[in-house]
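**Q** Dropping a structure here in structure tokens format, bear with me for questions.
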Amino acid sequence: MKHILVIDDEDDIREVAQVALEAVGGWQVSSAASGPDGLQTARAQQPDAILLDVMMPDMDGISVFKQLQADSQTQSIPVLFMTAKTQVSDRQRFLQLGVTAIITKPFKAMQLADQVAAALGWDE
């Protein structure tokens, strides 16, 4: 069973994503409410992929992503950014960082698992 870590500072987003990914994707889902918690959880649990919010207080998603990439324990985990920033320049900048994909917020809960599977090549 695939394991996904959702890192987002908004409780509602984490809950909706978790329910959608478990119910539709059939995956195990862990969550973290902040960048530092997400880094710790990623190291400890070694998920198959990480859904990471870009805009969070204290430590934003870009900083979290850079730390994941700098750590030999987590650098091979695919990361998908979740963001409300839909400008082409923002998306290009995120992809140049090396993220696997970008999921636009607000996302449709029933389509989230399909979006993640398609981005990661997990299609059935």
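Residues are referred to by chain and number: the chain letter is A, B, ... according to the order shown in the structure tokens, the number counts from 1 in that chain, and ligands are numbered separately from 1 in the order shown.
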Among region 60-123 of chain A, which residues carry a DSSP assignment of strand (DSSP E), reported as number ranges by chain?
**A** A: 79-83, 101-104
**Q** Could those selected residues go to a file with N, CA and C atoms, as a PDB file, in the first residue's frame?
**A**
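In the end it all went to part-v4.pdb:
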ATOM      1  N   VAL A  79       7.894  14.927  -4.312  1.00  0.00           N
ATOM      2  CA  VAL A  79       7.125  15.967  -3.625  1.00  0.00           C
ATOM      3  C   VAL A  79       6.210  16.658  -4.621  1.00  0.00           C
ATOM      4  N   LEU A  80       4.932  16.772  -4.242  1.00  0.00           N
ATOM      5  CA  LEU A  80       3.957  17.515  -5.040  1.00  0.00           C
ATOM      6  C   LEU A  80       3.562  18.742  -4.242  1.00  0.00           C
ATOM      7  N   PHE A  81       3.730  19.917  -4.828  1.00  0.00           N
ATOM      8  CA  PHE A  81       3.313  21.152  -4.166  1.00  0.00           C
ATOM      9  C   PHE A  81       1.808  21.320  -4.301  1.00  0.00           C
ATOM     10  N   MET A  82       1.185  21.804  -3.241  1.00  0.00           N
ATOM     11  CA  MET A  82      -0.216  22.236  -3.293  1.00  0.00           C
ATOM     12  C   MET A  82      -0.186  23.748  -3.101  1.00  0.00           C
ATOM     13  N   THR A  83      -0.797  24.463  -4.039  1.00  0.00           N
ATOM     14  CA  THR A  83      -0.730  25.914  -3.951  1.00  0.00           C
ATOM     15  C   THR A  83      -1.909  26.591  -4.640  1.00  0.00           C
ATOM     16  N   ALA A 101       5.251  17.605  -9.192  1.00  0.00           N
ATOM     17  CA  ALA A 101       4.045  18.165  -9.809  1.00  0.00           C
ATOM     18  C   ALA A 101       3.487  19.265  -8.914  1.00  0.00           C
ATOM     19  N   ILE A 102       2.517  19.984  -9.461  1.00  0.00           N
ATOM     20  CA  ILE A 102       1.847  21.049  -8.719  1.00  0.00           C
ATOM     21  C   ILE A 102       0.353  20.786  -8.770  1.00  0.00           C
ATOM     22  N   ILE A 103      -0.276  20.765  -7.605  1.00  0.00           N
ATOM     23  CA  ILE A 103      -1.722  20.597  -7.518  1.00  0.00           C
ATOM     24  C   ILE A 103      -2.294  21.934  -7.064  1.00  0.00           C
ATOM     25  N   THR A 104      -3.227  22.456  -7.843  1.00  0.00           N
ATOM     26  CA  THR A 104      -3.803  23.758  -7.563  1.00  0.00           C
ATOM     27  C   THR A 104      -4.872  23.666  -6.474  1.00  0.00           C
TER      28      THR A 104
END
**Q** I want to know what sits within 12 Å of region 117-120 of chain A, based on only C-alpha atoms, with residues of the same chain fewer than 5 positions away left out; could you give that as a PyMOL selection string?
**A** chain A and resi 2-4+21+24-27+48-51+77-81+99-103+111-112
**Q** Pick from A:Val29, A:Leu97, A:Val54, A:Ala44: nearest to Val16 (chain A), with only C-alpha atoms counted?
**A**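 Selected residue with least distance to Val16 (chain A): A:Val29.
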**Q** I'd like to know which of A:Val116, A:Asp90, A:Ser76, A:Ser63 is closest to Val6 (chain A), using only C-alpha atoms.
**A**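 Among the listed residues, A:Val116 lies closest to Val6 (chain A).
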**Q** Could you check which of A:Val88, A:Val19, A:Ala70, A:Leu95 is closest to Leu39 (chain A), using only C-alpha atoms?
**A**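 Counting only C-alpha atoms, the residue closest to Leu39 (chain A) is A:Ala70.
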**Q** Could you pull out the alpha helix (DSSP H) residues of chain A, going by DSSP on the backbone, and write them as a VMD selection string?
**A** chain A and resid 11 to 23 35 to 45 61 to 70 88 to 97 109 to 120
**Q** With distances taken over only C-alpha atoms, which of A:Met59, A:Asp114, A:Gly35, A:Lys108 is nearest to Ile13 (chain A)?
**A** A:Lys108
**Q** Please provide as a count of residues only all residues within 12 Å of Asp71 (chain A), with the sequence filter that same-chain residues fewer than 6 positions apart are discarded (counting only C-alpha atoms).
**A** 8
**Q** Might you pull out every residue within 12 Å of Pro57 (chain A), with only C-alpha atoms counted and same-chain residues fewer than 4 positions away left off, and present them as a PDB file with N, CA and C atoms, in the first residue's frame?
**A**
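Contents of the output file around.pdb:
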ATOM      1  N   ASP A   8       0.448  20.445   5.616  1.00  0.00           N
ATOM      2  CA  ASP A   8      -0.339  21.664   5.384  1.00  0.00           C
ATOM      3  C   ASP A   8      -0.723  22.244   6.732  1.00  0.00           C
ATOM      4  N   ASP A   9      -0.660  23.567   6.847  1.00  0.00           N
ATOM      5  CA  ASP A   9      -0.988  24.200   8.126  1.00  0.00           C
ATOM      6  C   ASP A   9      -2.494  24.324   8.359  1.00  0.00           C
ATOM      7  N   GLU A  10      -3.301  24.050   7.348  1.00  0.00           N
ATOM      8  CA  GLU A  10      -4.758  24.163   7.503  1.00  0.00           C
ATOM      9  C   GLU A  10      -5.373  22.797   7.811  1.00  0.00           C
ATOM     10  N   ALA A  33       1.225  19.342  10.513  1.00  0.00           N
ATOM     11  CA  ALA A  33       0.631  20.673  10.473  1.00  0.00           C
ATOM     12  C   ALA A  33       1.641  21.797  10.258  1.00  0.00           C
ATOM     13  N   SER A  34       2.926  21.449  10.160  1.00  0.00           N
ATOM     14  CA  SER A  34       3.939  22.486   9.953  1.00  0.00           C
ATOM     15  C   SER A  34       5.138  21.894   9.213  1.00  0.00           C
ATOM     16  N   GLY A  35       5.978  22.786   8.697  1.00  0.00           N
ATOM     17  CA  GLY A  35       7.169  22.348   7.992  1.00  0.00           C
ATOM     18  C   GLY A  35       8.092  21.491   8.857  1.00  0.00           C
ATOM     19  N   PRO A  36       8.459  21.982  10.063  1.00  0.00           N
ATOM     20  CA  PRO A  36       9.345  21.178  10.913  1.00  0.00           C
ATOM     21  C   PRO A  36       8.746  19.810  11.261  1.00  0.00           C
ATOM     22  N   ASP A  53       2.132  21.856   1.143  1.00  0.00           N
ATOM     23  CA  ASP A  53       1.575  23.202   0.952  1.00  0.00           C
ATOM     24  C   ASP A  53       2.733  24.183   0.766  1.00  0.00           C
ATOM     25  N   GLY A  61       6.707  25.969   2.220  1.00  0.00           N
ATOM     26  CA  GLY A  61       6.916  24.719   1.511  1.00  0.00           C
ATOM     27  C   GLY A  61       8.215  24.663   0.731  1.00  0.00           C
ATOM     28  N   ILE A  62       8.652  25.802   0.207  1.00  0.00           N
ATOM     29  CA  ILE A  62       9.903  25.822  -0.549  1.00  0.00           C
ATOM     30  C   ILE A  62      11.074  25.487   0.373  1.00  0.00           C
ATOM     31  N   SER A  63      11.076  26.067   1.582  1.00  0.00           N
ATOM     32  CA  SER A  63      12.137  25.765   2.561  1.00  0.00           C
ATOM     33  C   SER A  63      12.099  24.301   2.970  1.00  0.00           C
ATOM     34  N   VAL A  64      10.887  23.779   3.177  1.00  0.00           N
ATOM     35  CA  VAL A  64      10.742  22.364   3.535  1.00  0.00           C
ATOM     36  C   VAL A  64      11.281  21.494   2.410  1.00  0.00           C
TER      37      VAL A  64
END
**Q** Rounded to one decimal, what separation in Å do you get between CA of Ile7 (chain A) and CA of Ser31 (chain A)?
**A**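 Taking CA of Ile7 (chain A) and CA of Ser31 (chain A), their separation equals 5.7 Å.
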**Q** A:Gln96, A:Ala23, A:Arg14, A:Arg91: which is nearest Leu52 (chain A), counting only C-alpha atoms?
**A** A:Arg14
